[in-house]
Amino acid sequence: MPLQIETSRLSLAPFDPSDINRFVDLANDRQIAKMVMSLPHPYTNKHARNWLAQQQSDNDNTDLHENLYLFAIKDSDSGFIGMISLNRVNNAIFELGYWIGRDFWGKGFASEATKAVLQWAEEQLGIKAICAGYFADNPASARVLEKSGFLRTGVKTTRYSKGRGENVSSIDMVWLGET
Ligand SMILES: CC(C)(COP(=O)(O)OP(=O)(O)OC[C@H]1O[C@@H](n2cnc3c(N)ncnc32)[C@H](O)[C@@H]1OP(=O)(O)O)[C@@H](O)C(=O)NCCC(=O)NCCS
């Protein structure tokens with residue numbers, strides 16, 4: 001199925017390798033690394049090249065290519081501004097993850113991208129349940145998830161943040177689809 005989503009302001013599509021330098025500029029930000037699980041900090045060009053090579057190899061592997069749906073987020077004025085993904089946790093559930101470059105925070109972009117990916121997942125993949133977790137000190141992400149229709153599961157746990165190098169209190173949420 002096409003990995004292409006258009007919203008009123010954004011275009012979501014597979015990562016374009018020509019955006020790699022801009023990707024590194026935006027991703028090499030402690031305020032982003034500390035709020036996600038898997039981004040090392042500092043984040044270098046070498047990290048990005050390895051990441052890209054891994055994505056390409058996974059895409060070529062028929063057993064793996066349906067485990068991760070990864071979209072680069074572009075805005076028509078600024079080009080590449082962030083990433084959003086659905087990562088298969090098990091046969092039934094995908095997990096949502098995202099980040100937006102700091103210069104573009106507070107404009108509603110994460111919420112717009114999230115709502116679009118949820119609708120795409122429901123229509124294209126037939127997914128009815130998506131989970132997401134946010135670190136307890138990340139109210140902006142909590143708000144994005146709430147605005148997008150996620151509910152708190154009641155589960156509080158800890159997850160490892162590569163950027164912080166430690167386990168961090170985390171709150172789990174779930175989205176159960178529109179229909
Ligand atoms: C979290 C993140 C994706 C939000 O991106 P964004 O494009 O600014 O998000 P939006 O503009 O769509 O929505 C942000 C909401 O959080 C609110 N918010 C921002 N900072 C907040 C704070 N400190 N306390 C409470 N609410 C806050 C905003 O007011 C907005 O809500 P509103 O529309 O009701 O006013 C972005 O800050 C980011 O990439 N952070 C680092 C990585 C990250 O946290 N990823 C998610 C991991 S779970």
# chains A, B, ... in the order shown; residues from 1 in each chain; ligands from 1

call {"tool": "select_by_dssp", "arguments": {"residues": "chain A", "states": "strand (DSSP E)", "output": "PyMOL selection string"}}
result
chain A and resi 5-6+10-13+68-75+79-88+94-100+130-135+151-161+166-175

call {"tool": "write_last_selection", "arguments": {"atoms": "C-alpha atoms", "output": "mmCIF file, in the first residue's frame"}}
result
data_model
loop_
_atom_site.group_PDB
_atom_site.id
_atom_site.type_symbol
_atom_site.label_atom_id
_atom_site.label_comp_id
_atom_site.auth_asym_id
_atom_site.auth_seq_id
_atom_site.Cartn_x
_atom_site.Cartn_y
_atom_site.Cartn_z
ATOM 1 C CA ILE A 5 -0.444 10.778 3.306
ATOM 2 C CA GLU A 6 -1.448 14.376 2.592
ATOM 3 C CA LEU A 10 1.764 18.260 5.793
ATOM 4 C CA SER A 11 3.029 15.582 3.497
ATOM 5 C CA LEU A 12 3.963 12.215 5.053
ATOM 6 C CA ALA A 13 6.083 9.882 2.924
ATOM 7 C CA LEU A 68 7.558 -0.827 10.638
ATOM 8 C CA TYR A 69 5.743 1.951 8.791
ATOM 9 C CA LEU A 70 7.966 4.980 8.878
ATOM 10 C CA PHE A 71 6.993 8.397 7.540
ATOM 11 C CA ALA A 72 9.060 11.540 7.132
ATOM 12 C CA ILE A 73 6.970 14.625 7.885
ATOM 13 C CA LYS A 74 7.336 17.574 5.512
ATOM 14 C CA ASP A 75 5.682 20.947 5.588
ATOM 15 C CA GLY A 79 10.552 20.763 3.994
ATOM 16 C CA PHE A 80 11.581 17.984 6.373
ATOM 17 C CA ILE A 81 10.463 18.693 9.971
ATOM 18 C CA GLY A 82 10.247 15.327 11.749
ATOM 19 C CA MET A 83 9.329 11.648 11.779
ATOM 20 C CA ILE A 84 6.340 9.524 12.730
ATOM 21 C CA SER A 85 6.184 5.730 12.835
ATOM 22 C CA LEU A 86 4.089 2.692 13.559
ATOM 23 C CA ASN A 87 6.160 -0.179 14.898
ATOM 24 C CA ARG A 88 4.683 -3.678 15.253
ATOM 25 C CA PHE A 94 1.381 -1.379 16.689
ATOM 26 C CA GLU A 95 3.115 1.339 18.691
ATOM 27 C CA LEU A 96 3.125 4.982 17.595
ATOM 28 C CA GLY A 97 6.259 7.132 17.871
ATOM 29 C CA TYR A 98 7.103 10.633 16.615
ATOM 30 C CA TRP A 99 9.315 13.643 16.951
ATOM 31 C CA ILE A 100 9.232 17.152 15.479
ATOM 32 C CA ILE A 130 -2.487 1.344 18.588
ATOM 33 C CA CYS A 131 -0.485 1.926 21.730
ATOM 34 C CA ALA A 132 1.858 4.755 22.662
ATOM 35 C CA GLY A 133 3.861 5.627 25.730
ATOM 36 C CA TYR A 134 5.196 8.962 26.898
ATOM 37 C CA PHE A 135 7.708 9.815 29.582
ATOM 38 C CA LEU A 151 -6.822 6.995 26.417
ATOM 39 C CA ARG A 152 -4.678 6.224 29.454
ATOM 40 C CA THR A 153 -4.505 2.475 30.113
ATOM 41 C CA GLY A 154 -3.720 2.975 33.804
ATOM 42 C CA VAL A 155 -0.348 1.293 33.309
ATOM 43 C CA LYS A 156 2.686 3.188 34.558
ATOM 44 C CA THR A 157 6.023 1.621 33.833
ATOM 45 C CA THR A 158 9.598 2.557 33.079
ATOM 46 C CA ARG A 159 11.235 2.591 29.669
ATOM 47 C CA TYR A 160 14.845 3.026 28.740
ATOM 48 C CA SER A 161 15.829 6.281 27.023
ATOM 49 C CA GLU A 166 18.579 5.543 32.052
ATOM 50 C CA ASN A 167 15.102 4.160 32.696
ATOM 51 C CA VAL A 168 12.414 6.823 32.855
ATOM 52 C CA SER A 169 8.875 6.726 34.308
ATOM 53 C CA SER A 170 6.500 6.195 31.447
ATOM 54 C CA ILE A 171 2.738 6.271 30.967
ATOM 55 C CA ASP A 172 0.977 3.963 28.516
ATOM 56 C CA MET A 173 -1.914 5.006 26.308
ATOM 57 C CA VAL A 174 -4.048 3.221 23.750
ATOM 58 C CA TRP A 175 -6.172 4.233 20.771
#

call {"tool": "residues_near_ligand", "arguments": {"ligand": "ligand 1", "cutoff": "7 Å", "atoms": "only C-alpha atoms and all ligand atoms", "output": "ChimeraX atom specification"}}
result
/A:31-33,35-36,97-102,104-112,132-135,138-141,143-144

call {"tool": "write_last_selection", "arguments": {"atoms": "C-alpha atoms", "output": "PDB file, in the first residue's frame"}}
result
ATOM      1  CA  GLN A  31      15.364  17.970  24.173  1.00  0.00           C
ATOM      2  CA  ILE A  32      14.256  15.455  21.552  1.00  0.00           C
ATOM      3  CA  ALA A  33      16.624  12.638  22.546  1.00  0.00           C
ATOM      4  CA  MET A  35      11.851  12.307  25.252  1.00  0.00           C
ATOM      5  CA  VAL A  36      12.211   9.287  22.953  1.00  0.00           C
ATOM      6  CA  GLY A  97       6.259   7.132  17.871  1.00  0.00           C
ATOM      7  CA  TYR A  98       7.103  10.633  16.615  1.00  0.00           C
ATOM      8  CA  TRP A  99       9.315  13.643  16.951  1.00  0.00           C
ATOM      9  CA  ILE A 100       9.232  17.152  15.479  1.00  0.00           C
ATOM     10  CA  GLY A 101      12.248  19.444  15.082  1.00  0.00           C
ATOM     11  CA  ARG A 102      12.340  22.016  17.855  1.00  0.00           C
ATOM     12  CA  PHE A 104       8.518  23.657  14.577  1.00  0.00           C
ATOM     13  CA  TRP A 105       7.027  22.874  17.988  1.00  0.00           C
ATOM     14  CA  GLY A 106       3.761  24.445  19.084  1.00  0.00           C
ATOM     15  CA  LYS A 107       2.206  24.713  15.612  1.00  0.00           C
ATOM     16  CA  GLY A 108      -0.006  21.625  15.860  1.00  0.00           C
ATOM     17  CA  PHE A 109       2.176  19.571  13.489  1.00  0.00           C
ATOM     18  CA  ALA A 110       2.547  16.486  15.721  1.00  0.00           C
ATOM     19  CA  SER A 111      -1.193  16.363  16.337  1.00  0.00           C
ATOM     20  CA  GLU A 112      -1.967  16.783  12.634  1.00  0.00           C
ATOM     21  CA  ALA A 132       1.858   4.755  22.662  1.00  0.00           C
ATOM     22  CA  GLY A 133       3.861   5.627  25.730  1.00  0.00           C
ATOM     23  CA  TYR A 134       5.196   8.962  26.898  1.00  0.00           C
ATOM     24  CA  PHE A 135       7.708   9.815  29.582  1.00  0.00           C
ATOM     25  CA  ASN A 138       6.679  15.075  28.664  1.00  0.00           C
ATOM     26  CA  PRO A 139       3.316  16.881  28.944  1.00  0.00           C
ATOM     27  CA  ALA A 140       3.456  18.045  25.300  1.00  0.00           C
ATOM     28  CA  SER A 141       3.386  14.455  24.044  1.00  0.00           C
ATOM     29  CA  ARG A 143      -1.391  16.395  25.029  1.00  0.00           C
ATOM     30  CA  VAL A 144      -0.746  15.270  21.436  1.00  0.00           C
TER      31      VAL A 144
END

call {"tool": "residues_around", "arguments": {"residues": "A:Pro42", "least_positions_apart": "5", "cutoff": "12 Å", "atoms": "only C-alpha atoms", "output": "ChimeraX atom specification"}}
result
/A:24-34,47-48,162-165

call {"tool": "closest_residue", "arguments": {"among": "A:Asp60, A:Glu146, A:Asp19, A:Glu178", "to": "A:Ala121", "atoms": "only C-alpha atoms"}}
result
A:Glu178

call {"tool": "atom_distance", "arguments": {"atom1": "atom CA of A:Tyr43", "atom2": "atom CA of A:Glu66"}}
result
26.7 Å

call {"tool": "select_by_dssp", "arguments": {"residues": "chain A", "states": "helix (DSSP H, G or I)", "output": "ChimeraX atom specification"}}
result
/A:17-27,30-33,45-60,102-104,109-125,139-147

call {"tool": "closest_residue", "arguments": {"among": "A:Ala53, A:Pro2, A:Asn91, A:Ser8", "to": "A:Lys115", "atoms": "only C-alpha atoms"}}
result
A:Ser8

call {"tool": "decode", "arguments": {"residues": "stretch 73-172 of chain A", "atoms": "C-alpha atoms", "output": "mmCIF file, in the first residue's frame"}}
result
data_model
loop_
_atom_site.group_PDB
_atom_site.id
_atom_site.type_symbol
_atom_site.label_atom_id
_atom_site.label_comp_id
_atom_site.auth_asym_id
_atom_site.auth_seq_id
_atom_site.Cartn_x
_atom_site.Cartn_y
_atom_site.Cartn_z
ATOM 1 C CA ILE A 73 6.970 14.625 7.885
ATOM 2 C CA LYS A 74 7.336 17.574 5.512
ATOM 3 C CA ASP A 75 5.682 20.947 5.588
ATOM 4 C CA SER A 76 5.328 22.825 2.327
ATOM 5 C CA ASP A 77 7.171 25.920 3.633
ATOM 6 C CA SER A 78 10.039 24.243 5.479
ATOM 7 C CA GLY A 79 10.552 20.763 3.994
ATOM 8 C CA PHE A 80 11.581 17.984 6.373
ATOM 9 C CA ILE A 81 10.463 18.693 9.971
ATOM 10 C CA GLY A 82 10.247 15.327 11.749
ATOM 11 C CA MET A 83 9.329 11.648 11.779
ATOM 12 C CA ILE A 84 6.340 9.524 12.730
ATOM 13 C CA SER A 85 6.184 5.730 12.835
ATOM 14 C CA LEU A 86 4.089 2.692 13.559
ATOM 15 C CA ASN A 87 6.160 -0.179 14.898
ATOM 16 C CA ARG A 88 4.683 -3.678 15.253
ATOM 17 C CA VAL A 89 4.755 -4.842 18.881
ATOM 18 C CA ASN A 90 3.010 -8.172 18.220
ATOM 19 C CA ASN A 91 0.500 -9.643 15.788
ATOM 20 C CA ALA A 92 -2.319 -7.428 17.016
ATOM 21 C CA ILE A 93 -0.727 -4.172 18.133
ATOM 22 C CA PHE A 94 1.381 -1.379 16.689
ATOM 23 C CA GLU A 95 3.115 1.339 18.691
ATOM 24 C CA LEU A 96 3.125 4.982 17.595
ATOM 25 C CA GLY A 97 6.259 7.132 17.871
ATOM 26 C CA TYR A 98 7.103 10.633 16.615
ATOM 27 C CA TRP A 99 9.315 13.643 16.951
ATOM 28 C CA ILE A 100 9.232 17.152 15.479
ATOM 29 C CA GLY A 101 12.248 19.444 15.082
ATOM 30 C CA ARG A 102 12.340 22.016 17.855
ATOM 31 C CA ASP A 103 11.889 25.084 15.584
ATOM 32 C CA PHE A 104 8.518 23.657 14.577
ATOM 33 C CA TRP A 105 7.027 22.874 17.988
ATOM 34 C CA GLY A 106 3.761 24.445 19.084
ATOM 35 C CA LYS A 107 2.206 24.713 15.612
ATOM 36 C CA GLY A 108 -0.006 21.625 15.860
ATOM 37 C CA PHE A 109 2.176 19.571 13.489
ATOM 38 C CA ALA A 110 2.547 16.486 15.721
ATOM 39 C CA SER A 111 -1.193 16.363 16.337
ATOM 40 C CA GLU A 112 -1.967 16.783 12.634
ATOM 41 C CA ALA A 113 0.495 14.038 11.658
ATOM 42 C CA THR A 114 -0.741 11.698 14.400
ATOM 43 C CA LYS A 115 -4.400 12.000 13.445
ATOM 44 C CA ALA A 116 -3.503 11.405 9.790
ATOM 45 C CA VAL A 117 -1.448 8.276 10.570
ATOM 46 C CA LEU A 118 -4.231 6.851 12.771
ATOM 47 C CA GLN A 119 -6.745 7.295 9.964
ATOM 48 C CA TRP A 120 -4.299 5.791 7.437
ATOM 49 C CA ALA A 121 -3.656 2.790 9.702
ATOM 50 C CA GLU A 122 -7.317 2.114 10.117
ATOM 51 C CA GLU A 123 -8.108 2.463 6.420
ATOM 52 C CA GLN A 124 -5.008 0.853 4.894
ATOM 53 C CA LEU A 125 -3.982 -1.739 7.503
ATOM 54 C CA GLY A 126 -7.316 -2.385 9.186
ATOM 55 C CA ILE A 127 -5.694 -1.682 12.541
ATOM 56 C CA LYS A 128 -8.090 -1.170 15.447
ATOM 57 C CA ALA A 129 -5.644 -0.738 18.349
ATOM 58 C CA ILE A 130 -2.487 1.344 18.588
ATOM 59 C CA CYS A 131 -0.485 1.926 21.730
ATOM 60 C CA ALA A 132 1.858 4.755 22.662
ATOM 61 C CA GLY A 133 3.861 5.627 25.730
ATOM 62 C CA TYR A 134 5.196 8.962 26.898
ATOM 63 C CA PHE A 135 7.708 9.815 29.582
ATOM 64 C CA ALA A 136 6.052 11.274 32.671
ATOM 65 C CA ASP A 137 7.969 14.552 32.222
ATOM 66 C CA ASN A 138 6.679 15.075 28.664
ATOM 67 C CA PRO A 139 3.316 16.881 28.944
ATOM 68 C CA ALA A 140 3.456 18.045 25.300
ATOM 69 C CA SER A 141 3.386 14.455 24.044
ATOM 70 C CA ALA A 142 0.643 13.561 26.516
ATOM 71 C CA ARG A 143 -1.391 16.395 25.029
ATOM 72 C CA VAL A 144 -0.746 15.270 21.436
ATOM 73 C CA LEU A 145 -1.973 11.777 22.302
ATOM 74 C CA GLU A 146 -5.018 13.054 24.217
ATOM 75 C CA LYS A 147 -5.988 15.371 21.351
ATOM 76 C CA SER A 148 -5.672 12.455 18.940
ATOM 77 C CA GLY A 149 -8.065 10.251 20.870
ATOM 78 C CA PHE A 150 -5.688 8.084 22.943
ATOM 79 C CA LEU A 151 -6.822 6.995 26.417
ATOM 80 C CA ARG A 152 -4.678 6.224 29.454
ATOM 81 C CA THR A 153 -4.505 2.475 30.113
ATOM 82 C CA GLY A 154 -3.720 2.975 33.804
ATOM 83 C CA VAL A 155 -0.348 1.293 33.309
ATOM 84 C CA LYS A 156 2.686 3.188 34.558
ATOM 85 C CA THR A 157 6.023 1.621 33.833
ATOM 86 C CA THR A 158 9.598 2.557 33.079
ATOM 87 C CA ARG A 159 11.235 2.591 29.669
ATOM 88 C CA TYR A 160 14.845 3.026 28.740
ATOM 89 C CA SER A 161 15.829 6.281 27.023
ATOM 90 C CA LYS A 162 19.029 5.940 25.017
ATOM 91 C CA GLY A 163 19.425 9.725 25.000
ATOM 92 C CA ARG A 164 19.320 9.887 28.820
ATOM 93 C CA GLY A 165 21.079 6.578 29.369
ATOM 94 C CA GLU A 166 18.579 5.543 32.052
ATOM 95 C CA ASN A 167 15.102 4.160 32.696
ATOM 96 C CA VAL A 168 12.414 6.823 32.855
ATOM 97 C CA SER A 169 8.875 6.726 34.308
ATOM 98 C CA SER A 170 6.500 6.195 31.447
ATOM 99 C CA ILE A 171 2.738 6.271 30.967
ATOM 100 C CA ASP A 172 0.977 3.963 28.516
#
